[in-house]
Structure formats: C-alpha cells, structure tokens
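What follows is a short report on a single structure.
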Amino acid sequence: MRFPVSFVSALWPVLLFAQQPVTRSDAVAAALARGARVALGRADTTAALGAARAARAFPNPTVSGSYSKDTPNYHALGDLPLDLPWLRSARIGAAESARDATRYRFAFERAAIRFDVDTTYTRGLAAGLHARLSHRTALDADSLLRIAELRQQAGDVSELDVRLAAVNAGQLANIAADDSLTALSALVSLQLQMGLTGDQPTIVLVDSLRPPPDSAPTERRVLLPIAAAEASLRSAERSLAFASHQVFSSASTPATPRVQHLMRCCLCSVSRCRFHCST
C-alpha cells in the first residue's frame, strides 16, 4: 500500500493557498472595519441618529386652498401646528433614549465581535497545530508500512503484520484528512468574520498560542446589555408620556363663520391677479 504525494497536498490546502500573514490584532481590526455585523450595527446607529434629529425638528405648517361658487370664490386656509413644550420634550427624550439604547447595543456588538474573532483565531491556531501533528503521524505510519513490506520480502514478518500496518496507516490518513478539514473550516470562518471571501483560504495565522490577558473589569461597571435595556425602558416611558399628552397637540380653532371671515382670502379679478381679504 502506498500513499501518493498528492495526499500531502490534500492534507495541507491551507499552506498551499494561504498568502497573507494575519495576526490576532489584524483579524480583530479587519472584522471591526469590514464585518457584516458591524455594518448592521452602523446602520442601526445611523437610523437612530436620524430619528433623534427628526424628533427635534418643528412641525411644518400646511396651507390648503378651496373654491366655492359664492363670493369670494377662492379660499386659502393655513394650519400652524403647536409644538407644546411638554410634548416636544417627551418626544425628544424618547428618541434620545432610543438612540442611547442603540449605541449601547452597538458597543456590545463590537465587544462580542472582538471576542468571537479572538476565539475563532485561537481555535484556528489549535486546529492547524493539531492537523500538523496528525499529518506527521500519518507520514510515520506510512513509513512503518513500507518497513513492514520490506521485512515481509526478507521473510521477517508475516502478511498479517503487513495488512495490520496498512489498516493502521489508512486510519491515521483519514484522521489527518479530517483534522485538516477542521483547520480549513476554522480558517475560512475567520475569513468570513474579517469580511473576506470564503471560497478558498487566503490568510495564514502567524500568532502563537498564548494565555490571553485578564480582561475582568477592575471596578464595578454597568454591563452594556443592561444599560441598553435601561435606555429602552426610558424610551418606552417617554413615548408613553408623549402619547398621553398628544391629545393637546391637535388643538385647533374651529372654523366658525367669524374665523372664516377673518382668514378667508379671495381672488377678485383673475386678469389682474390681486388677492384681498373679504370684509
């Protein structure tokens, strides 16, 4: 039994195609700059900022016109919404709290991306080293198979020993191929997190396995998901206050004949294009 030279290439596609050396910090920076999860978080943050700016804007006045057969024929009506202070503060407060919640969620998402990329990088390193060990073990098993065949020709071992060596070499070759695919899967997963293509491996991991520094907080801090939940609660409370007071925002003066008499304008002569208020 012989293992072809192409078996090594099948075991190590990572080494054949990987070109760009990437450190752990480079992987994290690329994921934060080009990752899909960061792009979604930026879009949500931008939308929350737009909603906060829209909440600060004053309502636009409206003007409408009508026509009647009675004199005056043309009528112009204007509507100026009243942006009452308690309504405006509640509306702006709800939008700002929603924006704070979005920012806290985005900050938590960035921290989660750092953790996921660091974990995937470590798993990729471990899987690559394990695949390398399996590859060496498979080569050693193939060497033992060749020695057993030579010893069989010399009459030192039986055919059963040769077949056992062949079975052992085949099993170790399958294990090495499986470990190589596991390492390749971890590498492609890291590329996708970095915003790169996953059709073939284009990076190689250059950092070594080392214990990570202690990242436990040294002082009591509020966790980002809790801060986001609190901001969402404040936004909901202020939205409820805005809805409860919104009944006053539609306050308008009824169109009585006296008010219509004061606000009505007519076009007395189309040829001269003159507007005057009716009396």
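Every chain in the structure tokens has a letter given in the order shown (A, B, ...), and although residue numbers restart at 1 in each chain, ligands are simply numbered from 1 in the order shown.
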Exercise. Determine, counting only C-alpha atoms, which protein, DNA and RNA residues have an atom within 6 Å of an atom of stretch 133-148 of chain A; residues of the same chain fewer than 6 positions away are not included. Present the result as a list in words.
Key: Val162, Ala165, Ala166, Ala169, Leu172, Ala173 and Ala176 of chain A
Show me, as JSON lines, the residues of stretch 126-226 of chain A having an atom within 12 Å of stretch 99-113 of chain A, each with the closest atom pair and its distance in Å, using only C-alpha atoms.
{"residue": "A:Leu190", "atom": "CA", "partner": "A:Ile113", "partner_atom": "CA", "distance": 11.2}
{"residue": "A:Gln193", "atom": "CA", "partner": "A:Ile113", "partner_atom": "CA", "distance": 8.4}
{"residue": "A:Met194", "atom": "CA", "partner": "A:Ile113", "partner_atom": "CA", "distance": 9.9}
{"residue": "A:Ser215", "atom": "CA", "partner": "A:Ala111", "partner_atom": "CA", "distance": 11.7}
{"residue": "A:Val222", "atom": "CA", "partner": "A:Tyr104", "partner_atom": "CA", "distance": 10.9}
{"residue": "A:Leu223", "atom": "CA", "partner": "A:Phe108", "partner_atom": "CA", "distance": 8.7}
{"residue": "A:Leu224", "atom": "CA", "partner": "A:Tyr104", "partner_atom": "CA", "distance": 5.7}
{"residue": "A:Pro225", "atom": "CA", "partner": "A:Arg105", "partner_atom": "CA", "distance": 6.6}
{"residue": "A:Ile226", "atom": "CA", "partner": "A:Tyr104", "partner_atom": "CA", "distance": 9.0}
Quiz item: Counting only C-alpha atoms, what is within 10 Å of A:Ala48, bar same-chain residues fewer than 2 positions away, as JSON, numbers by chain?
Solution: {"A": [42, 43, 44, 45, 46, 50, 51, 52, 53, 54, 95, 96, 97, 98, 99, 100, 101, 102, 103]}
Practice problem: Find the residues around stretch 118-129 of chain A up to 7 Å (only C-alpha atoms counted), leave out those fewer than 2 positions away in its own chain, and share them as a VMD selection string. | Solution: chain A and resid 24 114 to 116 131 to 133 182 to 183 186 to 187 190 205 209
Restricting it to N, CA and C atoms, dump the selection as a CSV table (one decimal), in the first residue's frame.
chain,number,residue,atom,x,y,z
A,24,ARG,N,-3.4,38.3,15.4
A,24,ARG,CA,-4.7,38.4,16.1
A,24,ARG,C,-5.3,39.8,16.1
A,114,ARG,N,-15.2,41.2,18.9
A,114,ARG,CA,-13.8,41.0,19.3
A,114,ARG,C,-13.6,39.7,20.0
A,115,PHE,N,-14.6,39.3,20.8
A,115,PHE,CA,-14.5,38.0,21.5
A,115,PHE,C,-14.6,36.9,20.5
A,116,ASP,N,-15.5,36.9,19.6
A,116,ASP,CA,-15.7,35.9,18.6
A,116,ASP,C,-14.5,35.7,17.7
A,131,ALA,N,-3.7,19.5,13.1
A,131,ALA,CA,-3.7,18.9,11.8
A,131,ALA,C,-2.2,18.7,11.4
A,132,ARG,N,-1.3,19.5,11.8
A,132,ARG,CA,0.1,19.3,11.5
A,132,ARG,C,0.6,18.0,12.2
A,133,LEU,N,0.2,17.8,13.5
A,133,LEU,CA,0.6,16.6,14.2
A,133,LEU,C,0.0,15.4,13.6
A,182,THR,N,-10.9,20.3,9.4
A,182,THR,CA,-11.3,21.1,10.6
A,182,THR,C,-10.5,22.4,10.6
A,183,ALA,N,-9.3,22.3,10.4
A,183,ALA,CA,-8.4,23.5,10.4
A,183,ALA,C,-8.8,24.5,9.3
A,186,ALA,N,-12.1,26.3,10.2
A,186,ALA,CA,-11.8,27.4,11.2
A,186,ALA,C,-11.2,28.6,10.5
A,187,LEU,N,-10.3,28.3,9.5
A,187,LEU,CA,-9.7,29.4,8.8
A,187,LEU,C,-10.6,30.2,8.0
A,190,LEU,N,-12.9,32.3,10.0
A,190,LEU,CA,-12.2,33.6,10.4
A,190,LEU,C,-12.2,34.6,9.3
A,205,LEU,N,-2.3,32.2,9.8
A,205,LEU,CA,-2.2,32.7,11.1
A,205,LEU,C,-0.7,32.6,11.6
A,209,LEU,N,0.0,30.3,20.2
A,209,LEU,CA,-1.0,30.1,21.3
A,209,LEU,C,-0.4,30.6,22.6
Quiz item: Between atom CA of A:Glu149 and atom CA of A:Leu164, what is the spacing in Å?
Solution: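 For atom CA of A:Leu164 relative to atom CA of A:Glu149, the distance reads 11.2 Å.
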Exercise. Could you check which of A:Pro201, A:Gly155, A:Gly195, A:Gly93 is closest to A:Ala39, using only C-alpha atoms?
Key: A:Gly195
Practice problem: Please report, as a ChimeraX atom specification, each residue of stretch 37-257 of chain A to which DSSP assigns helix (DSSP H, G or I) when run on this structure's backbone. | Solution: /A:37-56,85-153,159-193,224-248,257
Take the residues just selected and output them with C-alpha atoms as a tab-separated table (two decimals), in the first residue's frame.
chain	number	residue	atom	x	y	z
A	37	ARG	CA	-22.24	42.51	11.87
A	38	VAL	CA	-20.52	45.87	12.25
A	39	ALA	CA	-22.21	47.15	9.09
A	40	LEU	CA	-25.63	46.25	10.51
A	41	GLY	CA	-24.77	47.95	13.79
A	42	ARG	CA	-23.65	51.11	11.97
A	43	ALA	CA	-26.90	51.15	10.00
A	44	ASP	CA	-28.97	50.88	13.19
A	45	THR	CA	-26.92	53.64	14.84
A	46	THR	CA	-27.37	55.92	11.83
A	47	ALA	CA	-31.11	55.25	11.79
A	48	ALA	CA	-31.36	56.08	15.50
A	49	LEU	CA	-29.43	59.31	14.92
A	50	GLY	CA	-31.80	60.27	12.11
A	51	ALA	CA	-34.81	59.56	14.33
A	52	ALA	CA	-33.35	61.75	17.10
A	53	ARG	CA	-32.77	64.63	14.67
A	54	ALA	CA	-36.26	64.23	13.23
A	55	ALA	CA	-37.71	64.40	16.75
A	56	ARG	CA	-36.01	67.78	17.29
A	85	PRO	CA	-43.09	72.21	25.33
A	86	TRP	CA	-44.20	69.12	27.27
A	87	LEU	CA	-44.87	67.28	24.02
A	88	ARG	CA	-41.60	68.32	22.46
A	89	SER	CA	-39.53	67.32	25.50
A	90	ALA	CA	-41.22	63.92	25.71
A	91	ARG	CA	-40.74	63.27	22.00
A	92	ILE	CA	-37.07	64.29	22.05
A	93	GLY	CA	-36.42	62.35	25.25
A	94	ALA	CA	-37.91	59.17	23.78
A	95	ALA	CA	-35.80	59.50	20.63
A	96	GLU	CA	-32.61	60.22	22.55
A	97	SER	CA	-33.17	57.28	24.90
A	98	ALA	CA	-33.76	55.02	21.91
A	99	ARG	CA	-30.53	56.33	20.39
A	100	ASP	CA	-28.65	55.60	23.63
A	101	ALA	CA	-30.04	52.06	23.64
A	102	THR	CA	-28.88	51.57	20.06
A	103	ARG	CA	-25.41	52.89	20.88
A	104	TYR	CA	-25.11	50.55	23.88
A	105	ARG	CA	-26.19	47.60	21.74
A	106	PHE	CA	-23.68	48.58	19.07
A	107	ALA	CA	-20.89	48.82	21.66
A	108	PHE	CA	-21.85	45.39	22.99
A	109	GLU	CA	-21.89	44.01	19.44
A	110	ARG	CA	-18.38	45.33	18.84
A	111	ALA	CA	-17.18	43.69	22.06
A	112	ALA	CA	-18.88	40.43	21.01
A	113	ILE	CA	-17.17	40.63	17.62
A	114	ARG	CA	-13.78	41.03	19.31
A	115	PHE	CA	-14.47	38.02	21.49
A	116	ASP	CA	-15.73	35.86	18.60
A	117	VAL	CA	-12.81	36.74	16.34
A	118	ASP	CA	-10.29	36.13	19.11
A	119	THR	CA	-11.91	32.77	19.89
A	120	THR	CA	-12.01	31.76	16.23
A	121	TYR	CA	-8.37	32.79	15.80
A	122	THR	CA	-7.35	30.65	18.78
A	123	ARG	CA	-9.37	27.69	17.52
A	124	GLY	CA	-7.80	28.09	14.09
A	125	LEU	CA	-4.32	28.03	15.58
A	126	ALA	CA	-5.11	24.97	17.69
A	127	ALA	CA	-6.74	23.17	14.76
A	128	GLY	CA	-3.78	23.97	12.50
A	129	LEU	CA	-1.27	22.59	15.01
A	130	HIS	CA	-3.41	19.52	15.58
A	131	ALA	CA	-3.67	18.94	11.81
A	132	ARG	CA	0.11	19.27	11.51
A	133	LEU	CA	0.60	16.65	14.23
A	134	SER	CA	-1.90	14.32	12.54
A	135	HIS	CA	-0.10	14.81	9.23
A	136	ARG	CA	3.24	13.82	10.76
A	137	THR	CA	1.65	10.81	12.43
A	138	ALA	CA	0.18	9.71	9.09
A	139	LEU	CA	3.60	10.03	7.44
A	140	ASP	CA	5.16	7.95	10.21
A	141	ALA	CA	2.50	5.28	9.74
A	142	ASP	CA	3.20	5.21	6.01
A	143	SER	CA	6.92	4.78	6.77
A	144	LEU	CA	6.14	1.88	9.10
A	145	LEU	CA	4.06	0.30	6.35
A	146	ARG	CA	6.97	0.48	3.94
A	147	ILE	CA	9.30	-1.05	6.52
A	148	ALA	CA	6.81	-3.88	7.10
A	149	GLU	CA	6.64	-4.59	3.38
A	150	LEU	CA	10.43	-4.68	3.12
A	151	ARG	CA	10.63	-7.00	6.11
A	152	GLN	CA	7.99	-9.25	4.53
A	153	GLN	CA	10.13	-9.54	1.42
A	159	GLU	CA	1.44	-10.97	5.67
A	160	LEU	CA	-0.90	-10.34	8.59
A	161	ASP	CA	1.55	-7.83	10.07
A	162	VAL	CA	1.71	-6.00	6.74
A	163	ARG	CA	-2.07	-5.82	6.50
A	164	LEU	CA	-2.34	-4.53	10.07
A	165	ALA	CA	0.21	-1.83	9.25
A	166	ALA	CA	-1.78	-0.91	6.12
A	167	VAL	CA	-5.03	-0.65	8.11
A	168	ASN	CA	-3.33	1.49	10.73
A	169	ALA	CA	-1.80	3.76	8.10
A	170	GLY	CA	-5.18	4.18	6.39
A	171	GLN	CA	-6.92	5.09	9.63
A	172	LEU	CA	-4.30	7.67	10.50
A	173	ALA	CA	-4.51	9.11	7.00
A	174	ASN	CA	-8.28	9.54	7.37
A	175	ILE	CA	-7.80	11.18	10.76
A	176	ALA	CA	-5.21	13.54	9.29
A	177	ALA	CA	-7.55	14.48	6.43
A	178	ASP	CA	-10.40	15.13	8.89
A	179	ASP	CA	-8.16	17.31	11.08
A	180	SER	CA	-7.01	19.22	8.02
A	181	LEU	CA	-10.62	19.93	7.02
A	182	THR	CA	-11.34	21.10	10.56
A	183	ALA	CA	-8.42	23.52	10.42
A	184	LEU	CA	-9.53	24.73	7.00
A	185	SER	CA	-13.09	25.27	8.25
A	186	ALA	CA	-11.83	27.36	11.18
A	187	LEU	CA	-9.65	29.42	8.85
A	188	VAL	CA	-12.49	30.09	6.39
A	189	SER	CA	-14.79	31.03	9.30
A	190	LEU	CA	-12.21	33.57	10.43
A	191	GLN	CA	-12.00	34.98	6.90
A	192	LEU	CA	-15.78	35.45	6.78
A	193	GLN	CA	-15.72	37.24	10.12
A	224	LEU	CA	-23.77	47.03	28.14
A	225	PRO	CA	-26.89	44.83	27.67
A	226	ILE	CA	-28.25	46.11	30.99
A	227	ALA	CA	-27.51	49.71	30.00
A	228	ALA	CA	-29.24	49.16	26.65
A	229	ALA	CA	-32.29	47.67	28.40
A	230	GLU	CA	-32.47	50.62	30.79
A	231	ALA	CA	-32.26	53.08	27.90
A	232	SER	CA	-35.00	51.18	26.04
A	233	LEU	CA	-37.16	51.36	29.17
A	234	ARG	CA	-36.65	55.12	29.41
A	235	SER	CA	-37.54	55.48	25.74
A	236	ALA	CA	-40.74	53.47	26.24
A	237	GLU	CA	-41.73	55.54	29.29
A	238	ARG	CA	-41.19	58.82	27.47
A	239	SER	CA	-43.04	57.53	24.42
A	240	LEU	CA	-45.96	56.69	26.72
A	241	ALA	CA	-45.82	60.19	28.21
A	242	PHE	CA	-45.75	61.67	24.71
A	243	ALA	CA	-48.77	59.59	23.67
A	244	SER	CA	-50.71	60.53	26.80
A	245	HIS	CA	-50.16	64.26	26.18
A	246	GLN	CA	-50.54	64.12	22.42
A	247	VAL	CA	-54.24	64.87	22.70
A	248	PHE	CA	-53.30	68.53	23.16
A	257	PRO	CA	-68.14	81.85	10.33
Exercise. Would you mind writing down, as a PyMOL selection string, each residue of stretch 25-255 of chain A that DSSP on the backbone assigns to strand (DSSP E or B)?
Key: chain A and resi 62-67+74-79+203-205
Selection export as a PDB file, in the first residue's frame, atoms kept: N, CA and C atoms:
ATOM      1  N   THR A  62     -48.949  73.944   7.175  1.00  0.00           N
ATOM      2  CA  THR A  62     -49.609  73.495   5.944  1.00  0.00           C
ATOM      3  C   THR A  62     -50.562  74.575   5.450  1.00  0.00           C
ATOM      4  N   VAL A  63     -50.701  74.663   4.154  1.00  0.00           N
ATOM      5  CA  VAL A  63     -51.591  75.617   3.500  1.00  0.00           C
ATOM      6  C   VAL A  63     -52.434  74.856   2.498  1.00  0.00           C
ATOM      7  N   SER A  64     -53.715  75.077   2.525  1.00  0.00           N
ATOM      8  CA  SER A  64     -54.639  74.427   1.601  1.00  0.00           C
ATOM      9  C   SER A  64     -55.557  75.466   0.970  1.00  0.00           C
ATOM     10  N   GLY A  65     -56.025  75.187  -0.217  1.00  0.00           N
ATOM     11  CA  GLY A  65     -56.918  76.094  -0.931  1.00  0.00           C
ATOM     12  C   GLY A  65     -58.202  75.401  -1.338  1.00  0.00           C
ATOM     13  N   SER A  66     -59.248  76.179  -1.506  1.00  0.00           N
ATOM     14  CA  SER A  66     -60.552  75.641  -1.922  1.00  0.00           C
ATOM     15  C   SER A  66     -61.251  76.656  -2.812  1.00  0.00           C
ATOM     16  N   TYR A  67     -62.281  76.189  -3.469  1.00  0.00           N
ATOM     17  CA  TYR A  67     -63.040  77.032  -4.397  1.00  0.00           C
ATOM     18  C   TYR A  67     -64.524  76.847  -4.106  1.00  0.00           C
ATOM     19  N   TYR A  74     -62.329  81.981  -4.128  1.00  0.00           N
ATOM     20  CA  TYR A  74     -61.098  81.272  -3.750  1.00  0.00           C
ATOM     21  C   TYR A  74     -60.825  81.497  -2.271  1.00  0.00           C
ATOM     22  N   HIS A  75     -60.463  80.397  -1.606  1.00  0.00           N
ATOM     23  CA  HIS A  75     -60.218  80.438  -0.163  1.00  0.00           C
ATOM     24  C   HIS A  75     -58.863  79.790   0.129  1.00  0.00           C
ATOM     25  N   ALA A  76     -58.132  80.379   1.016  1.00  0.00           N
ATOM     26  CA  ALA A  76     -56.841  79.849   1.455  1.00  0.00           C
ATOM     27  C   ALA A  76     -56.871  79.661   2.964  1.00  0.00           C
ATOM     28  N   LEU A  77     -56.557  78.440   3.405  1.00  0.00           N
ATOM     29  CA  LEU A  77     -56.574  78.112   4.823  1.00  0.00           C
ATOM     30  C   LEU A  77     -55.170  77.671   5.234  1.00  0.00           C
ATOM     31  N   GLY A  78     -54.687  78.205   6.333  1.00  0.00           N
ATOM     32  CA  GLY A  78     -53.375  77.839   6.855  1.00  0.00           C
ATOM     33  C   GLY A  78     -53.488  77.121   8.187  1.00  0.00           C
ATOM     34  N   ASP A  79     -52.569  76.152   8.403  1.00  0.00           N
ATOM     35  CA  ASP A  79     -52.558  75.375   9.638  1.00  0.00           C
ATOM     36  C   ASP A  79     -51.146  75.402  10.208  1.00  0.00           C
ATOM     37  N   ILE A 203      -5.411  33.576   3.933  1.00  0.00           N
ATOM     38  CA  ILE A 203      -4.625  34.115   5.045  1.00  0.00           C
ATOM     39  C   ILE A 203      -3.913  32.960   5.739  1.00  0.00           C
ATOM     40  N   VAL A 204      -2.913  33.304   6.509  1.00  0.00           N
ATOM     41  CA  VAL A 204      -2.211  32.347   7.355  1.00  0.00           C
ATOM     42  C   VAL A 204      -2.036  32.988   8.724  1.00  0.00           C
ATOM     43  N   LEU A 205      -2.261  32.203   9.772  1.00  0.00           N
ATOM     44  CA  LEU A 205      -2.190  32.697  11.135  1.00  0.00           C
ATOM     45  C   LEU A 205      -0.746  32.627  11.612  1.00  0.00           C
TER      46      LEU A 205
END
